[in-house]
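**Q** Have a look at the structure that comes next, please.
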Amino acid sequence: MKKDKFSTEEILEGIRNGNNIVLRFLYEAYYDSIEIMVLKNKGTVEVAKDIFQEALVTIFKMSQAKEFNIKQSSFFTFFYALCRNTLFMYFRSYKKDILLQATELIESDIEFGEDVDSLIKDGLKEQLFHKYFQLISEKCRKILKLVMKGNTAVVIAKLLGFTSDAYVRKRKKICLETLIEKIKQDPKSKELL
Amino acid sequence: MTLSRSDLIELKVLNKLSESQEAEFDNLLDSDPTFAKEFVMVQDFAAYVTNDKVIDFREKLDSLHKDFITEKSRSKVRFLNNNTWRLIASVAAVLVIALGSYFTWNQNSSADNLYKQYYQTDEIFLNTRSGNSEITDILEQGLILFENDKYEESINYFQQLPKSITATYYSGVAHMELGEYDVATYKFDQVIDDYLNVFYDQAKWYKGLCLVKQDKRKDASIILLDISKSNSYYKQQATELLKELN
């Protein structure tokens, strides 16, 4: 078998730092295998994309702890098992009927534990926010980010060059309501949120 | 003044409710399931939107996925089946690619020539001072294979020593020999990361050459300019190459 171009340590370091070369390598080396696994388990191409990205986000979060390492298996074995777990959680949240047919997902080579399961579940929620957050205007995104970081309307007006804090308050309300409305309309939100 | 429901939720998420507002909030939370659901949603949203690192990472993945799928569908074009219209499409696509390649060839070929002119495989500098004989054995095995032009096999050995600067450096050169310039650049970056090592100058120079080979002129110029201003062993070559590149 041809060896990976990067060692497990290098891959983890690359994910931790969001290194484009390593991330591109992961897409080139592993995306097709994950897509096949998802399609075999009644998923779609769109689901495969979500699962692949979500597993990477989970590893990104895990790798923020410097002591995190993969010692029991190769990176691919770990990643594949994590994708399977993520798909399992995805179906459990959104498509319980499919879960009964996707028998392969029930058995897993690697036990991840509750912490990782909780990371995956939070990640799926975040994915929903992320999808719709990208669809609102850039101005809205900036305002909501600053609001949720605890900045006052006066500070936000100054930072973003708006003439009045009243405008920021009005705009913030519209932005948040628009976003929540969009999210609520997504069938996934009923199960996850 | 009574706050609107959304203001109550926002202030609660930001932990800014007064005592009386807190009571009003709790009351609504217990009595109104829609309010409770909306609160949880805003709370979760706040957790998402304040984590810049994760948002940046997600945005990066979105963009990489887009590029990856575009690239994948481009390669699929070459394998379209032989239905007539598909064949025509294939021929047309090939023609477009060929024409595109022709126009970029001139530019790339000069980058290629510069690379060939300046690139020389590094001579092995056996560094076996480590007290750990197992590490030394692996490194030596890798270097012997490298010296015999068995680059893929040598990489397998170098990879077993992720903490060794020597192994990382030669792994970079081996990837360069295999034409895997992106990976080589990544390895050299790791070497460059630590200023105090014997391969610092070489790694920087080779990274510059990788960028030249990939026709990334702007990035190559930055690193070559940096070398030309330093006391690097490659100062002179970097200055000359920089001139030719520009």
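Residues in the structure tokens are numbered from 1 in each chain, the chains being A, B, ... in the order shown, and ligands are numbered from 1 in the order shown.
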Select all residues from chain A having any atom no more than 7 Å from an atom of chain B (counting only C-alpha atoms, ignoring ligands), output as a ChimeraX atom specification.
**A** /A:3,7,18,21,24,53,126,129,145,148-150,193
**Q** If you run DSSP over the backbone, which residues in range 1-244 of chain B end up alpha helix (DSSP H)? Put them as a count of residues only.
**A** 184
**Q** Of the candidates A:Leu128, A:Leu87, A:Ala65, A:Leu23, which shows the shortest atom-to-atom distance to Val38 in chain A, using only C-alpha atoms?
**A** A:Leu87
**Q** What's around Glu22 in chain B at 9 Å? Count only C-alpha atoms, leave out sequence neighbours fewer than 4 positions away in its own chain, and write the answer as a list in words.
**A**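 The contact residues come out as Leu8, Lys12, Leu17, Ser18, Asp26 and Asn27 of chain B.
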**Q** Give me, please, the distance in Å between CA of Lys229 in chain B and CA of Thr168 in chain B, quoted to one decimal.
**A**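 Separating CA of Lys229 in chain B from CA of Thr168 in chain B is a distance of 25.6 Å.
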**Q** Which value, in Å to one decimal, gives the distance between CA of Phe162 in chain A and CA of Glu138 in chain A?
**A**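 Answer for the CA of Phe162 in chain A to CA of Glu138 in chain A separation: 14.3 Å.
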**Q** From the list A:Lys188, A:Lys5, A:Lys125, A:Arg169, which residue is nearest Ala174 in chain B when using only C-alpha atoms?
**A**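 Ranking A:Lys188, A:Lys5, A:Lys125, A:Arg169 by distance to Ala174 in chain B, first place goes to A:Lys5.
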**Q** Would you list the contacts of range 221-225 of chain B as a VMD selection string, taking every protein, DNA or RNA residue within 7 Å and counting only C-alpha atoms, but skipping same-chain residues closer than 3 positions in sequence?
**A** chain B and resid 208 217 to 218 228 to 229 238 242
**Q** I'd like the neighbourhood of Leu196 in chain B as a compact mmCIF listing (two decimals) with N, CA and C atoms, in the first residue's frame, where a residue qualifies if any of its atoms comes within 12 Å (using only C-alpha atoms), though same-chain residues fewer than 5 positions away should be ignored.
**A**
# COMPACT_ATOMS: atom_id res chain seq x y z
N ILE B 165 14.57 17.15 12.35
CA ILE B 165 14.69 18.19 11.33
C ILE B 165 15.37 17.63 10.09
N VAL B 191 10.88 23.03 8.52
CA VAL B 191 12.31 23.22 8.81
C VAL B 191 12.59 24.70 9.06
N ASP B 201 18.96 27.44 5.76
CA ASP B 201 19.22 28.13 4.49
C ASP B 201 18.78 27.28 3.29
**Q** Rank B:Ser4, B:Tyr206, B:Thr34, B:Lys235 by their smallest atom-to-atom distance to Gln21 in chain B, using only C-alpha atoms, and report the top residue only.
**A**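 The answer is B:Ser4, which sits nearest to Gln21 in chain B.
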**Q** To one decimal place, how far is CA of Gln117 in chain B from CA of Asp194 in chain B in Å?
**A**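 CA of Gln117 in chain B sits 28.3 Å away from CA of Asp194 in chain B.
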**Q** Please list as a PDB file with C-alpha atoms, in the first residue's frame every residue within 10 Å of Lys150 in chain B, counting only C-alpha atoms and excluding residues in the same chain fewer than 5 positions away.
**A**
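Result file part.pdb:
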ATOM      1  CA  GLY B 142      16.351   6.720   4.708  1.00  0.00           C
ATOM      2  CA  LEU B 143      19.449   8.651   3.665  1.00  0.00           C
ATOM      3  CA  ILE B 144      20.978   5.615   1.959  1.00  0.00           C
ATOM      4  CA  LEU B 145      17.789   5.099  -0.056  1.00  0.00           C
ATOM      5  CA  ILE B 155      10.186   8.983   2.536  1.00  0.00           C
ATOM      6  CA  ALA B 174      12.651  13.659  -1.827  1.00  0.00           C
ATOM      7  CA  GLU B 177      12.467  14.928  -6.684  1.00  0.00           C
ATOM      8  CA  LEU B 178       9.111  13.199  -7.080  1.00  0.00           C
TER       9      LEU B 178
END
**Q** Give me the residues near range 28-32 of chain A as a PDB file with N, CA and C atoms, in the first residue's frame, where near means some atom within 9 Å (using only C-alpha atoms) and where sequence neighbours in that chain fewer than 4 positions away do not count.
**A**
ATOM      1  N   ASP A   4       0.908   7.402   3.054  1.00  0.00           N
ATOM      2  CA  ASP A   4       0.415   8.769   2.972  1.00  0.00           C
ATOM      3  C   ASP A   4       1.594   9.719   2.787  1.00  0.00           C
ATOM      4  N   LEU A  23      -4.958  20.203   4.094  1.00  0.00           N
ATOM      5  CA  LEU A  23      -6.400  20.037   3.919  1.00  0.00           C
ATOM      6  C   LEU A  23      -6.724  19.594   2.484  1.00  0.00           C
ATOM      7  N   ARG A  24      -6.013  20.160   1.521  1.00  0.00           N
ATOM      8  CA  ARG A  24      -6.235  19.761   0.131  1.00  0.00           C
ATOM      9  C   ARG A  24      -5.850  18.285  -0.052  1.00  0.00           C
ATOM     10  N   ILE A  36     -18.193   7.217  -0.959  1.00  0.00           N
ATOM     11  CA  ILE A  36     -18.681   5.859  -1.229  1.00  0.00           C
ATOM     12  C   ILE A  36     -19.364   5.295   0.018  1.00  0.00           C
ATOM     13  N   MET A  37     -18.725   5.487   1.181  1.00  0.00           N
ATOM     14  CA  MET A  37     -19.305   4.971   2.435  1.00  0.00           C
ATOM     15  C   MET A  37     -20.688   5.603   2.681  1.00  0.00           C
ATOM     16  N   ALA A  48     -22.687  13.542   1.931  1.00  0.00           N
ATOM     17  CA  ALA A  48     -21.260  13.180   1.998  1.00  0.00           C
ATOM     18  C   ALA A  48     -20.400  14.415   2.239  1.00  0.00           C
ATOM     19  N   LYS A  49     -20.757  15.495   1.576  1.00  0.00           N
ATOM     20  CA  LYS A  49     -20.001  16.744   1.741  1.00  0.00           C
ATOM     21  C   LYS A  49     -20.102  17.205   3.203  1.00  0.00           C
ATOM     22  N   PHE A  52     -18.078  14.792   5.580  1.00  0.00           N
ATOM     23  CA  PHE A  52     -16.626  14.949   5.446  1.00  0.00           C
ATOM     24  C   PHE A  52     -16.168  16.221   6.165  1.00  0.00           C
ATOM     25  N   PHE A  76      -6.209   7.579   8.657  1.00  0.00           N
ATOM     26  CA  PHE A  76      -7.372   7.257   7.818  1.00  0.00           C
ATOM     27  C   PHE A  76      -8.389   6.395   8.573  1.00  0.00           C
ATOM     28  N   PHE A  79     -10.197   8.608  10.893  1.00  0.00           N
ATOM     29  CA  PHE A  79     -11.055   9.555  10.189  1.00  0.00           C
ATOM     30  C   PHE A  79     -12.297   8.855   9.621  1.00  0.00           C
ATOM     31  N   TYR A  80     -12.073   7.671   9.071  1.00  0.00           N
ATOM     32  CA  TYR A  80     -13.184   6.910   8.482  1.00  0.00           C
ATOM     33  C   TYR A  80     -14.207   6.563   9.564  1.00  0.00           C
TER      34      TYR A  80
ATOM     35  N   PHE B  68     -12.180  21.577  -4.988  1.00  0.00           N
ATOM     36  CA  PHE B  68     -11.980  20.138  -5.181  1.00  0.00           C
ATOM     37  C   PHE B  68     -13.027  19.577  -6.149  1.00  0.00           C
TER      38      PHE B  68
END
